[in-house]
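Shown next: work.txt, containing compact mmCIF, C-alpha atoms.
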```txt
# COMPACT_ATOMS: atom_id res chain seq x y z
CA MET J 230 0.00 0.00 0.00
CA VAL J 231 1.18 3.52 -0.84
CA LEU J 232 -1.40 5.73 0.90
CA TYR J 233 -3.33 3.29 3.05
CA ARG J 234 -0.60 2.48 5.54
CA ASN J 235 -0.38 2.62 9.32
CA MET J 236 -4.10 2.05 9.71
CA GLU J 237 -5.72 1.87 13.13
CA HIS J 238 -6.00 -1.93 12.91
CA GLN J 239 -2.91 -2.47 10.77
CA GLU J 240 -1.79 -5.52 12.74
CA LEU J 241 -5.10 -7.33 12.17
CA PHE J 242 -5.09 -6.26 8.51
CA ASP J 243 -1.60 -7.71 7.96
CA ALA J 244 -2.46 -10.91 9.83
CA MET J 245 -5.58 -11.46 7.71
CA CYS J 246 -3.64 -10.85 4.50
CA ARG J 247 -1.04 -13.44 5.49
CA LEU J 248 -3.77 -15.90 6.44
CA LEU J 249 -5.58 -15.56 3.12
CA GLU J 250 -2.38 -15.84 1.11
CA SER J 251 -1.14 -18.92 2.98
CA GLY J 252 -4.45 -20.80 3.08
CA GLU J 253 -3.74 -21.99 6.62
CA SER J 254 -6.00 -24.38 8.49
CA PRO J 255 -8.77 -22.59 10.38
CA PHE J 256 -7.59 -24.28 13.56
CA THR J 257 -4.17 -22.62 13.79
CA GLN J 258 -3.61 -20.12 16.55
CA SER J 259 -3.16 -17.21 14.11
CA ALA J 260 -6.42 -18.07 12.30
CA GLU J 261 -8.42 -18.31 15.50
CA ASP J 262 -6.84 -15.09 16.77
CA CYS J 263 -7.92 -13.25 13.60
CA ALA J 264 -11.43 -14.67 13.83
CA GLY J 265 -11.75 -13.65 17.45
CA ARG J 266 -10.54 -10.11 16.79
CA LEU J 267 -12.97 -9.70 13.88
CA ALA J 268 -15.81 -10.84 16.14
CA GLU J 269 -14.73 -8.42 18.90
CA LEU J 270 -14.64 -5.57 16.39
CA ALA J 271 -18.09 -6.54 15.11
CA VAL J 272 -19.55 -6.39 18.62
CA SER J 273 -17.98 -3.01 19.46
CA CYS J 274 -18.87 -1.43 16.08
CA GLY J 275 -22.20 -3.19 15.51
CA PHE J 276 -21.18 -4.75 12.17
CA ARG J 277 -23.17 -7.50 10.50
CA GLY J 278 -22.91 -9.58 7.33
CA ASN J 279 -19.47 -10.40 5.92
CA LEU J 280 -17.11 -9.21 8.67
CA TRP J 281 -14.06 -9.30 6.40
CA HIS J 282 -15.76 -6.87 4.02
CA CYS J 283 -17.01 -4.70 6.89
CA PHE J 284 -13.50 -4.59 8.33
CA LEU J 285 -11.95 -3.51 5.02
CA ALA J 286 -14.63 -0.86 4.50
CA TYR J 287 -14.05 0.43 8.04
CA CYS J 288 -10.28 0.62 7.44
CA MET J 289 -10.83 2.84 4.40
CA ALA J 290 -13.59 4.94 5.97
CA ASN J 291 -11.43 5.60 9.03
CA HIS J 292 -8.05 6.29 7.37
CA GLU J 293 -7.01 9.90 6.98
CA ASN J 294 -4.44 10.33 4.23
CA ALA J 295 -3.66 12.80 1.44
CA TYR J 296 -6.27 11.28 -0.86
CA SER J 297 -9.15 10.74 1.58
CA THR J 298 -8.91 14.20 3.19
CA SER J 299 -8.74 15.82 -0.27
CA CYS J 300 -11.83 13.94 -1.43
CA GLU J 301 -13.95 15.11 1.49
CA ILE J 302 -13.36 18.69 0.33
CA THR J 303 -13.25 18.49 -3.47
CA GLY J 304 -14.74 15.11 -4.36
CA PRO J 305 -12.86 13.05 -6.97
CA VAL J 306 -9.13 13.79 -7.12
CA LYS J 307 -7.26 13.33 -10.39
CA GLY J 308 -3.59 13.43 -11.31
CA THR J 309 -0.81 11.61 -9.48
CA LEU J 310 -2.66 11.43 -6.17
CA GLY J 311 -5.64 9.78 -7.84
CA ALA J 312 -3.35 7.29 -9.59
CA LEU J 313 -1.63 6.37 -6.31
CA ALA J 314 -5.01 5.81 -4.69
CA ARG J 315 -6.12 3.64 -7.62
CA HIS J 316 -3.07 1.44 -7.02
CA ASP J 317 -4.16 0.92 -3.40
CA PHE J 318 -7.81 0.39 -4.31
CA ALA J 319 -6.86 -2.28 -6.84
CA ARG J 320 -5.21 -4.20 -4.01
CA MET J 321 -8.16 -3.61 -1.71
CA ARG J 322 -10.51 -4.90 -4.38
CA ARG J 323 -8.50 -8.12 -4.64
CA LEU J 324 -8.80 -8.48 -0.87
CA PHE J 325 -12.56 -8.01 -1.15
CA ALA J 326 -12.61 -10.83 -3.70
CA ALA J 327 -10.90 -13.22 -1.27
CA ASP J 328 -13.39 -15.77 0.05
CA ILE J 329 -12.84 -16.24 3.78
CA THR J 330 -15.10 -19.33 3.79
CA ALA J 331 -12.37 -21.12 1.82
CA LEU J 332 -10.41 -21.19 5.07
CA ASP J 333 -12.97 -23.65 6.49
CA GLY J 334 -13.15 -27.37 5.94
CA GLY J 335 -16.94 -27.37 5.98
CA GLU J 336 -20.06 -25.17 6.04
CA ASP J 337 -20.23 -25.20 9.84
CA GLY J 338 -16.77 -23.64 10.24
CA ILE J 339 -15.99 -20.38 11.99
CA TRP J 340 -15.26 -18.49 8.78
CA HIS J 341 -18.65 -19.38 7.31
CA GLN J 342 -20.13 -17.89 10.48
CA LEU J 343 -18.07 -14.71 10.09
CA ALA J 344 -19.06 -14.39 6.41
CA ALA J 345 -22.74 -14.17 7.43
CA TYR J 346 -22.45 -12.68 10.89
CA GLU J 347 -25.63 -11.91 12.84
CA ASN J 348 -25.02 -9.30 15.49
CA PRO J 349 -26.73 -10.08 18.82
CA SER J 350 -27.32 -6.35 19.39
CA GLU J 351 -28.32 -3.42 17.21
CA ASN J 352 -26.24 -1.09 19.37
CA SER J 353 -22.64 -0.01 18.82
CA ARG J 354 -20.20 1.15 21.48
CA VAL J 355 -18.22 3.07 18.86
CA PHE J 356 -20.71 4.61 16.40
CA ASN J 357 -24.31 5.66 16.29
CA ARG J 358 -26.48 3.43 14.11
CA ARG J 359 -26.46 5.78 11.13
CA ILE J 360 -22.68 5.76 10.84
CA ARG J 361 -22.53 1.99 11.41
CA ASP J 362 -25.09 1.44 8.66
CA ARG J 363 -23.12 3.64 6.26
CA ILE J 364 -20.02 1.48 6.73
CA VAL J 365 -22.01 -1.75 6.27
CA GLU J 366 -23.63 -0.31 3.13
CA LEU J 367 -20.20 0.72 1.81
CA ALA J 368 -18.99 -2.85 2.31
CA GLY J 369 -21.92 -4.15 0.28
CA THR J 370 -21.32 -1.62 -2.51
CA LEU J 371 -17.61 -2.45 -2.74
CA GLU J 372 -18.37 -6.15 -2.82
CA GLN J 373 -20.37 -5.56 -6.02
CA ALA J 374 -17.79 -3.27 -7.72
CA GLU J 375 -17.00 -4.69 -11.17
CA SER J 376 -13.76 -2.75 -11.75
CA ASP J 377 -11.01 -0.92 -9.93
CA GLU J 378 -12.44 2.37 -11.22
CA ALA J 379 -15.90 1.55 -9.84
CA PHE J 380 -14.34 0.54 -6.53
CA GLN J 381 -12.44 3.84 -6.31
CA ALA J 382 -15.53 5.84 -7.29
CA ALA J 383 -17.57 4.25 -4.48
CA VAL J 384 -14.98 5.03 -1.81
CA THR J 385 -14.47 8.55 -3.16
CA GLU J 386 -18.21 9.24 -3.07
CA PHE J 387 -18.31 8.02 0.54
CA TYR J 388 -15.54 10.50 1.45
CA ARG J 389 -17.30 13.34 -0.37
CA GLU J 390 -20.68 12.69 1.22
CA PHE J 391 -19.78 11.57 4.74
CA GLY J 392 -16.14 12.54 5.30
CA VAL J 393 -13.29 10.41 6.58
CA GLY J 394 -11.58 9.38 9.79
CA LYS J 395 -12.57 10.40 13.28
CA PHE J 396 -14.31 13.59 12.13
CA GLY J 397 -16.33 11.69 9.55
CA LEU J 398 -17.32 8.83 11.83
CA ASN J 399 -17.99 10.76 15.07
CA LYS J 400 -19.86 13.90 15.99
CA ALA J 401 -18.44 14.93 19.38
CA PHE J 402 -14.90 15.21 20.70
CA HIS J 403 -12.80 16.32 23.64
CA ILE J 404 -9.13 17.22 23.76
CA ARG J 405 -6.20 15.75 25.67
CA MET J 406 -3.03 17.67 26.48
CA ASP J 407 0.28 16.67 27.98
CA GLU J 408 1.27 18.33 31.25
CA GLU J 409 3.30 21.01 29.49
CA GLY J 410 0.53 21.73 26.98
CA HIS J 411 2.84 21.07 24.02
CA SER J 412 0.91 18.12 22.58
CA VAL J 413 -2.82 18.46 21.90
CA SER J 414 -4.89 15.58 20.52
CA ILE J 415 -8.58 15.59 19.57
CA GLU J 416 -10.30 12.37 20.63
CA PRO J 417 -13.84 11.14 19.88
CA ILE J 418 -16.60 10.92 22.45
CA THR J 419 -18.30 7.70 21.46
CA ARG J 420 -21.41 8.02 23.62
CA VAL J 421 -23.28 11.31 23.22
CA GLU J 422 -26.50 12.04 25.06
CA HIS J 423 -29.37 11.99 22.59
CA VAL J 424 -31.23 15.21 23.33
CA SER J 425 -33.52 16.98 20.88
CA LEU J 426 -34.76 20.56 20.96
CA GLU J 427 -38.29 19.22 21.25
CA ASP J 428 -37.31 17.67 24.59
CA LEU J 429 -36.70 21.16 25.99
CA VAL J 430 -40.14 22.46 26.99
CA GLY J 431 -40.61 26.19 26.56
CA TYR J 432 -37.81 28.68 25.75
CA GLU J 433 -39.07 28.93 22.17
CA LEU J 434 -37.53 32.35 21.49
CA GLN J 435 -34.17 31.19 22.84
CA LYS J 436 -34.19 28.03 20.72
CA ALA J 437 -35.22 29.98 17.61
CA LYS J 438 -32.32 32.39 18.06
CA LEU J 439 -29.87 29.51 18.52
CA ILE J 440 -31.24 27.67 15.46
CA GLU J 441 -31.04 30.79 13.30
CA ASN J 442 -27.36 31.37 14.09
CA THR J 443 -26.44 27.69 13.71
CA GLU J 444 -28.19 27.30 10.36
CA ALA J 445 -26.37 30.37 9.03
CA PHE J 446 -23.10 28.78 10.15
CA ILE J 447 -23.92 25.39 8.59
CA GLU J 448 -24.85 27.04 5.28
CA GLY J 449 -21.61 29.02 5.12
CA ARG J 450 -23.20 32.39 5.88
CA ALA J 451 -21.96 34.87 8.48
CA ALA J 452 -22.58 33.65 12.04
CA ASN J 453 -21.59 34.68 15.55
CA ASN J 454 -20.10 33.07 18.61
CA VAL J 455 -22.88 32.39 21.12
CA LEU J 456 -23.11 32.73 24.90
CA LEU J 457 -26.05 31.10 26.66
CA PHE J 458 -26.31 32.54 30.17
CA GLY J 459 -28.80 32.50 32.99
CA ASP J 460 -30.10 30.44 35.87
CA SER J 461 -28.90 26.90 36.48
CA GLY J 462 -31.01 23.98 35.31
CA THR J 463 -32.80 25.92 32.59
CA GLY J 464 -31.57 23.93 29.59
CA LYS J 465 -28.54 25.85 28.33
CA SER J 466 -26.29 22.81 27.97
CA SER J 467 -29.15 20.65 26.70
CA SER J 468 -29.86 23.20 23.96
CA ILE J 469 -26.32 22.98 22.64
CA LYS J 470 -26.32 19.17 22.76
CA ALA J 471 -29.61 19.21 20.87
CA ILE J 472 -28.12 21.51 18.22
CA LEU J 473 -25.35 18.97 17.64
CA ASN J 474 -27.83 16.10 17.32
CA ARG J 475 -29.98 18.06 14.86
CA TYR J 476 -27.21 19.25 12.54
CA TYR J 477 -24.39 16.69 12.69
CA ASP J 478 -25.64 14.95 9.55
CA ARG J 479 -25.16 18.28 7.75
CA GLY J 480 -21.49 18.40 8.74
CA LEU J 481 -21.63 19.89 12.24
CA ARG J 482 -19.10 18.60 14.77
CA MET J 483 -18.53 19.69 18.37
CA ILE J 484 -15.35 19.78 20.45
CA GLU J 485 -15.67 20.17 24.21
CA VAL J 486 -12.91 22.24 25.82
CA TYR J 487 -12.39 23.07 29.50
CA LYS J 488 -10.91 26.35 30.62
CA HIS J 489 -7.65 24.78 31.88
CA GLN J 490 -7.13 23.66 28.25
CA PHE J 491 -7.50 27.11 26.67
CA ARG J 492 -3.78 27.43 26.04
CA GLY J 493 -4.15 24.53 23.59
CA LEU J 494 -6.93 26.16 21.58
CA SER J 495 -4.58 27.46 18.88
CA ASP J 496 -3.38 23.90 18.24
CA VAL J 497 -6.98 22.68 18.06
CA LEU J 498 -7.83 25.32 15.46
CA GLU J 499 -4.75 24.36 13.45
CA GLN J 500 -5.92 20.74 13.29
CA ILE J 501 -9.49 21.50 12.15
CA LYS J 502 -9.23 24.62 10.02
CA ASP J 503 -8.87 22.81 6.67
CA ARG J 504 -11.43 20.05 7.25
CA ASN J 505 -14.74 19.92 5.39
CA TYR J 506 -16.85 20.22 8.54
CA ARG J 507 -18.30 22.98 10.67
CA PHE J 508 -16.91 22.87 14.20
CA ILE J 509 -18.39 24.31 17.37
CA ILE J 510 -15.95 24.69 20.26
CA TYR J 511 -18.19 23.99 23.26
CA MET J 512 -17.39 25.47 26.67
CA ASP J 513 -19.82 24.44 29.40
CA ASP J 514 -20.37 26.37 32.62
CA LEU J 515 -17.82 29.00 31.64
CA SER J 516 -16.80 31.42 34.38
CA PHE J 517 -13.62 32.82 35.86
CA GLU J 518 -12.54 33.81 39.33
CA GLU J 519 -10.66 37.08 39.68
CA TYR J 520 -7.31 35.30 39.97
CA GLU J 521 -7.80 33.15 36.86
CA ILE J 522 -6.26 34.51 33.67
CA GLU J 523 -7.32 31.79 31.21
CA TYR J 524 -9.95 34.16 29.82
CA LYS J 525 -7.14 36.09 28.15
CA TYR J 526 -6.28 33.02 26.03
CA LEU J 527 -9.93 32.84 24.99
CA LYS J 528 -10.07 36.52 24.06
CA ALA J 529 -7.02 36.17 21.87
CA ILE J 530 -8.41 33.09 20.13
CA ILE J 531 -11.79 34.67 19.39
CA GLU J 532 -10.54 37.88 17.83
CA GLY J 533 -7.15 38.94 19.03
CA GLY J 534 -4.64 36.95 16.96
CA LEU J 535 -2.79 37.95 13.82
CA GLY J 536 -3.89 34.88 11.89
CA ILE J 537 -7.21 34.68 10.07
CA LYS J 538 -9.86 33.00 12.21
CA PRO J 539 -11.02 29.77 10.54
CA GLN J 540 -14.39 30.22 8.83
CA ASN J 541 -15.49 26.73 9.87
CA VAL J 542 -15.20 27.33 13.63
CA LEU J 543 -17.49 29.01 16.16
CA ILE J 544 -17.52 29.08 19.96
CA TYR J 545 -20.68 28.24 21.92
CA ALA J 546 -20.47 28.68 25.68
CA THR J 547 -22.84 28.38 28.63
CA SER J 548 -22.54 30.24 31.90
CA ASN J 549 -24.54 31.15 34.98
CA ARG J 550 -22.83 34.56 34.91
CA ARG J 551 -23.76 37.33 32.50
CA HIS J 552 -20.23 38.75 32.38
CA LEU J 553 -18.35 35.46 32.88
CA ILE J 554 -15.77 36.98 35.24
CA ARG J 555 -16.66 37.18 38.90
CA GLU J 556 -17.39 40.64 40.19
CA LYS J 557 -17.64 41.70 43.88
CA PHE J 558 -18.53 44.89 45.74
CA SER J 559 -14.94 44.91 46.97
CA ASP J 560 -13.87 45.43 43.35
CA LYS J 561 -15.25 48.97 43.63
CA ARG J 562 -12.95 49.79 46.51
CA GLU J 563 -9.97 48.32 44.65
CA LEU J 564 -10.80 50.33 41.53
CA ASP J 565 -10.78 53.53 43.55
CA ASP J 566 -7.02 53.02 43.96
CA GLU J 567 -6.39 52.66 40.21
CA LEU J 568 -5.46 55.58 37.97
CA HIS J 569 -7.42 54.14 35.03
CA SER J 570 -10.25 52.20 36.65
CA SER J 571 -12.42 52.27 33.52
CA ASP J 572 -9.71 50.38 31.65
CA THR J 573 -9.85 47.57 34.23
CA VAL J 574 -13.64 47.35 33.99
CA GLN J 575 -13.52 47.27 30.19
CA GLU J 576 -10.81 44.61 30.25
CA LYS J 577 -13.11 42.36 32.27
CA LEU J 578 -16.22 43.08 30.18
CA SER J 579 -14.50 42.75 26.81
CA LEU J 580 -14.65 38.94 26.89
CA VAL J 581 -18.43 38.70 26.82
CA ALA J 582 -18.51 41.42 24.16
CA ARG J 583 -16.74 39.01 21.81
CA PHE J 584 -19.78 36.75 21.77
CA GLY J 585 -21.95 38.26 19.05
CA VAL J 586 -25.09 36.48 20.23
CA THR J 587 -26.08 36.29 23.90
CA ILE J 588 -29.19 34.33 24.90
CA TYR J 589 -30.75 34.52 28.34
CA TYR J 590 -32.29 31.44 29.96
CA GLY J 591 -34.29 32.45 33.03
CA SER J 592 -35.95 30.21 35.61
CA PRO J 593 -39.59 29.42 34.80
CA ASP J 594 -42.38 30.87 36.91
CA LYS J 595 -44.75 28.52 38.69
CA ARG J 596 -47.14 28.17 35.75
CA GLU J 597 -44.30 27.47 33.32
CA PHE J 598 -42.82 24.94 35.74
CA GLU J 599 -46.13 23.10 35.98
CA ASN J 600 -46.40 23.08 32.18
CA ILE J 601 -42.93 21.49 31.93
CA VAL J 602 -43.97 18.84 34.44
CA ARG J 603 -47.20 18.14 32.54
CA VAL J 604 -45.44 17.77 29.17
CA LEU J 605 -42.71 15.52 30.59
CA ALA J 606 -45.27 13.37 32.41
CA LYS J 607 -47.21 12.87 29.19
CA LYS J 608 -44.03 12.02 27.29
CA HIS J 609 -43.12 9.34 29.84
CA HIS J 610 -46.67 7.95 30.04
CA ILE J 611 -47.28 9.02 33.62
CA PHE J 612 -51.00 9.38 34.10
CA MET J 613 -52.04 11.24 37.26
CA PRO J 614 -54.76 13.78 37.93
CA GLU J 615 -53.30 17.21 37.13
CA LYS J 616 -53.99 18.62 40.59
CA GLU J 617 -52.20 15.72 42.24
CA LEU J 618 -49.32 15.92 39.74
CA TYR J 619 -48.83 19.65 40.33
CA LEU J 620 -49.13 19.28 44.10
CA GLU J 621 -46.44 16.60 44.19
CA ALA J 622 -44.24 18.59 41.78
CA ASN J 623 -44.47 21.71 43.95
CA LYS J 624 -43.59 19.72 47.06
CA TRP J 625 -40.59 18.29 45.19
CA GLU J 626 -39.23 21.62 43.96
CA LEU J 627 -39.41 23.18 47.41
CA SER J 628 -36.83 20.73 48.69
CA HIS J 629 -34.90 19.98 45.49
CA GLY J 630 -33.53 23.16 43.99
CA GLY J 631 -36.49 25.38 43.19
CA LEU J 632 -38.28 26.10 39.90
CA SER J 633 -36.27 24.87 36.92
CA GLY J 634 -36.47 22.46 34.02
CA ARG J 635 -33.84 20.29 35.67
CA THR J 636 -35.92 20.03 38.86
CA ALA J 637 -38.98 19.08 36.79
CA ALA J 638 -37.00 16.35 34.98
CA GLN J 639 -35.69 15.03 38.30
CA PHE J 640 -39.24 14.92 39.68
CA ILE J 641 -40.42 12.89 36.67
CA THR J 642 -37.47 10.51 37.16
CA HIS J 643 -38.54 10.14 40.78
CA LEU J 644 -42.10 9.24 39.72
CA LEU J 645 -40.83 6.73 37.17
CA GLY J 646 -38.69 5.08 39.85
CA LYS J 647 -41.69 4.80 42.15
CA MET J 648 -43.82 3.32 39.39
CA LYS J 649 -41.16 0.66 38.63
CA GLY J 650 -40.89 -0.19 42.31
CA GLU J 651 -44.64 -0.68 42.62
CA GLU J 652 -44.88 -3.02 39.63
```
Turn this file's structure into structure tokens for me.
Amino acid sequence: MVLYRNMEHQELFDAMCRLLESGESPFTQSAEDCAGRLAELAVSCGFRGNLWHCFLAYCMANHENAYSTSCEITGPVKGTLGALARHDFARMRRLFAADITALDGGEDGIWHQLAAYENPSENSRVFNRRIRDRIVELAGTLEQAESDEAFQAAVTEFYREFGVGKFGLNKAFHIRMDEEGHSVSIEPITRVEHVSLEDLVGYELQKAKLIENTEAFIEGRAANNVLLFGDSGTGKSSSIKAILNRYYDRGLRMIEVYKHQFRGLSDVLEQIKDRNYRFIIYMDDLSFEEYEIEYKYLKAIIEGGLGIKPQNVLIYATSNRRHLIREKFSDKRELDDELHSSDTVQEKLSLVARFGVTIYYGSPDKREFENIVRVLAKKHHIFMPEKELYLEANKWELSHGGLSGRTAAQFITHLLGKMKGEE
């Protein structure tokens, strides 16, 4: 292979190639090891059908190289790069043609089972079902390819439509840094909470404003960084998660960053700026104490650097504080001692000013709280007289955090637990 080297599962790939070329008995240790690893991969990824074909399709869908990353931006690539890829695809096609059932002595052998694998679960620990199904469908398409050119065209179309590698196969990420902050890696979050905007009762104006900005961003129009601020438990974080779930199939990806990682933000932007996706840098519960200076890194990243800010990146943050940086009455006394006190105030307020859209999420009043409880109860098939439901909900909120959407959801969870215990 020229381009498709150093794959994530290169060791298994090489072992399978040796096994197919040698025609070893299915009872050798290497053969059984390969079979076991294919089965383990099938369970974790949710594959079904011919596991050898699914594995090869996954290797190509997951491999970032000069050809695959170019195709996700421009589609088919011609010239030398296209010719090098065709060389690799010709070899891949020959591997697809290899019949793994020939490794068995009879129809009841392990390789016959792996050629028609039935997954015991529809779930995947690595992908959501849609991504898993795309890989399985790609395997089926490549199995039917009648020429090297058709094989290459199918893989190229997959790259163009769905992308490649971790950004193509996942929708949410976090970052890892070494202790010195010199090495920053972006790693997938394989299990993302499935929240939809419809699950968030009320806050229609807030959701509409968030949708409007996000759709402009997805469509390549001008869009702003967004700050969602307000009372705790009102759905700020849930709104952003719901935005990801709604738009990820249109190329939206989200990277969660904590404030102690802000010094690595420039490296993160460098890694994602040329990818064919729209990225939201997500900062949850963002706030700073007076002694914390990480907000200065964030200010520089948003607007203060010399380099051009990537057009495919926005920052969405949530906070319980309107101005993000803690302010105290004692600050007034300290400012009295400064020659240029207005400069200090402006320096603190300038961070929030760099979010072009600010959306306020306030605690619901009693009527709104009861409406949230009623809608959630109906959704979860809890049937109680309304008066009794509201009475119990009001008792709950008095001792569990007050009026908020989070309190209402916790009350419904409490009722569901009681119902299960009484069954």
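Counting only C-alpha atoms, the residue from J:Tyr477, J:Tyr287, J:Phe491, J:Tyr296 that sits nearest to Val413 (chain J) is J:Phe491.
CA of Glu375 (chain J) is positioned 22.1 Å from CA of Leu310 (chain J).
Residue nearest Val602 (chain J) within the list J:Gly585, J:Pro539, J:Gly431, J:Gly493: J:Gly431 [criterion: smallest interatomic distance, only C-alpha atoms].
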In terms of all atoms listed in the file, the residue from J:Leu270, J:Val604, J:Ala368, J:Ile484 at minimal distance from Phe356 (chain J) is J:Leu270
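The smallest atom-to-atom distance between Ala452 (chain J) and any of J:Ile509, J:Ala319, J:Ala382, J:Val497, using all atoms listed in the file, is found for J:Ile509.
Within 12 Å of Asn453 (chain J), once only C-alpha atoms are used and residues closer than 5 positions along the same chain are dropped, the contacting residues are Lys438, Leu439, Ile440, Glu441, Asn442, Thr443, Glu444, Ala445, Phe446, Ile447, Ile509, Ile531, Glu532, Gln540, Asn541, Val542, Leu543, Ile544, Tyr545, Ala546, Ala582, Arg583, Phe584, Gly585, Val586 and Thr587 of chain J.
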Please produce a file of those selected residues containing C-alpha atoms, as a PDB file, keeping the file's coordinate frame.
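Saved as out21.pdb:
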```pdb
ATOM      1  CA  LYS J 438     -32.320  32.390  18.060  1.00  0.00           C
ATOM      2  CA  LEU J 439     -29.870  29.510  18.520  1.00  0.00           C
ATOM      3  CA  ILE J 440     -31.240  27.670  15.460  1.00  0.00           C
ATOM      4  CA  GLU J 441     -31.040  30.790  13.300  1.00  0.00           C
ATOM      5  CA  ASN J 442     -27.360  31.370  14.090  1.00  0.00           C
ATOM      6  CA  THR J 443     -26.440  27.690  13.710  1.00  0.00           C
ATOM      7  CA  GLU J 444     -28.190  27.300  10.360  1.00  0.00           C
ATOM      8  CA  ALA J 445     -26.370  30.370   9.030  1.00  0.00           C
ATOM      9  CA  PHE J 446     -23.100  28.780  10.150  1.00  0.00           C
ATOM     10  CA  ILE J 447     -23.920  25.390   8.590  1.00  0.00           C
ATOM     11  CA  ILE J 509     -18.390  24.310  17.370  1.00  0.00           C
ATOM     12  CA  ILE J 531     -11.790  34.670  19.390  1.00  0.00           C
ATOM     13  CA  GLU J 532     -10.540  37.880  17.830  1.00  0.00           C
ATOM     14  CA  GLN J 540     -14.390  30.220   8.830  1.00  0.00           C
ATOM     15  CA  ASN J 541     -15.490  26.730   9.870  1.00  0.00           C
ATOM     16  CA  VAL J 542     -15.200  27.330  13.630  1.00  0.00           C
ATOM     17  CA  LEU J 543     -17.490  29.010  16.160  1.00  0.00           C
ATOM     18  CA  ILE J 544     -17.520  29.080  19.960  1.00  0.00           C
ATOM     19  CA  TYR J 545     -20.680  28.240  21.920  1.00  0.00           C
ATOM     20  CA  ALA J 546     -20.470  28.680  25.680  1.00  0.00           C
ATOM     21  CA  ALA J 582     -18.510  41.420  24.160  1.00  0.00           C
ATOM     22  CA  ARG J 583     -16.740  39.010  21.810  1.00  0.00           C
ATOM     23  CA  PHE J 584     -19.780  36.750  21.770  1.00  0.00           C
ATOM     24  CA  GLY J 585     -21.950  38.260  19.050  1.00  0.00           C
ATOM     25  CA  VAL J 586     -25.090  36.480  20.230  1.00  0.00           C
ATOM     26  CA  THR J 587     -26.080  36.290  23.900  1.00  0.00           C
TER      27      THR J 587
END
```
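For the set J:Met613, J:Cys283, J:Ala606, J:Ala264, the residue with the smallest atom-to-atom gap to Glu366 (chain J) is J:Cys283, counting all atoms listed in the file.
Between CA of Ser297 (chain J) and CA of Phe391 (chain J) lies a distance of 11.1 Å.
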Between J:Asp478, J:Glu599, J:Glu237, J:Glu485, single out the one closest to Arg359 (chain J), counting all atoms listed in the file. J:Asp478
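Residues in contact with Arg405 (chain J) at up to 9 Å, not including ones fewer than 5 positions away on its chain and judged by only C-alpha atoms, are J:Ser412, J:Val413, J:Ser414, J:Ile415, J:Glu416, J:Gln490.
Of note, CA of Leu434 (chain J) and CA of Ile588 (chain J) are spaced 9.2 Å apart.
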Let me have the centre and edge lengths of the axis-aligned box enclosing all listed atoms of region 429-445 of chain J with 4 Å padding on every side, in Å to one decimal, as lines of an AutoDock Vina configuration file.
```
center_x = -33.5
center_y = 26.8
center_z = 18.0
size_x = 22.2
size_y = 19.2
size_z = 26.0
```
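Within a radius of 12 Å around (-22.7, 5.5, 22.7), the polymer residues are Ser273, Cys274, Gly275, Glu351, Asn352, Ser353, Arg354, Val355, Phe356, Asn357, Arg358, Ile360, Arg361, Asn399, Lys400, Ala401, Pro417, Ile418, Thr419, Arg420, Val421, Glu422 and His423 of chain J, counting only C-alpha atoms.
The environment of Lys538 (chain J) within 12 Å, counting only C-alpha atoms and disregarding residues fewer than 6 places along the same chain, consists of Leu494, Ser495, Leu498, Glu499, Ile501, Lys502, Asp503, Ala529, Ile530, Ile531, Glu532 and Ile544 of chain J.
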Would you pick out the contacts of Leu644 (chain J) at 10 Å or less, using all atoms listed in the file, so that residues sharing its chain but fewer than 5 positions from it are not included, and give the list as JSON, numbers by chain? {"J": [606, 609, 611, 618, 621, 622, 638, 639, 649, 650]}
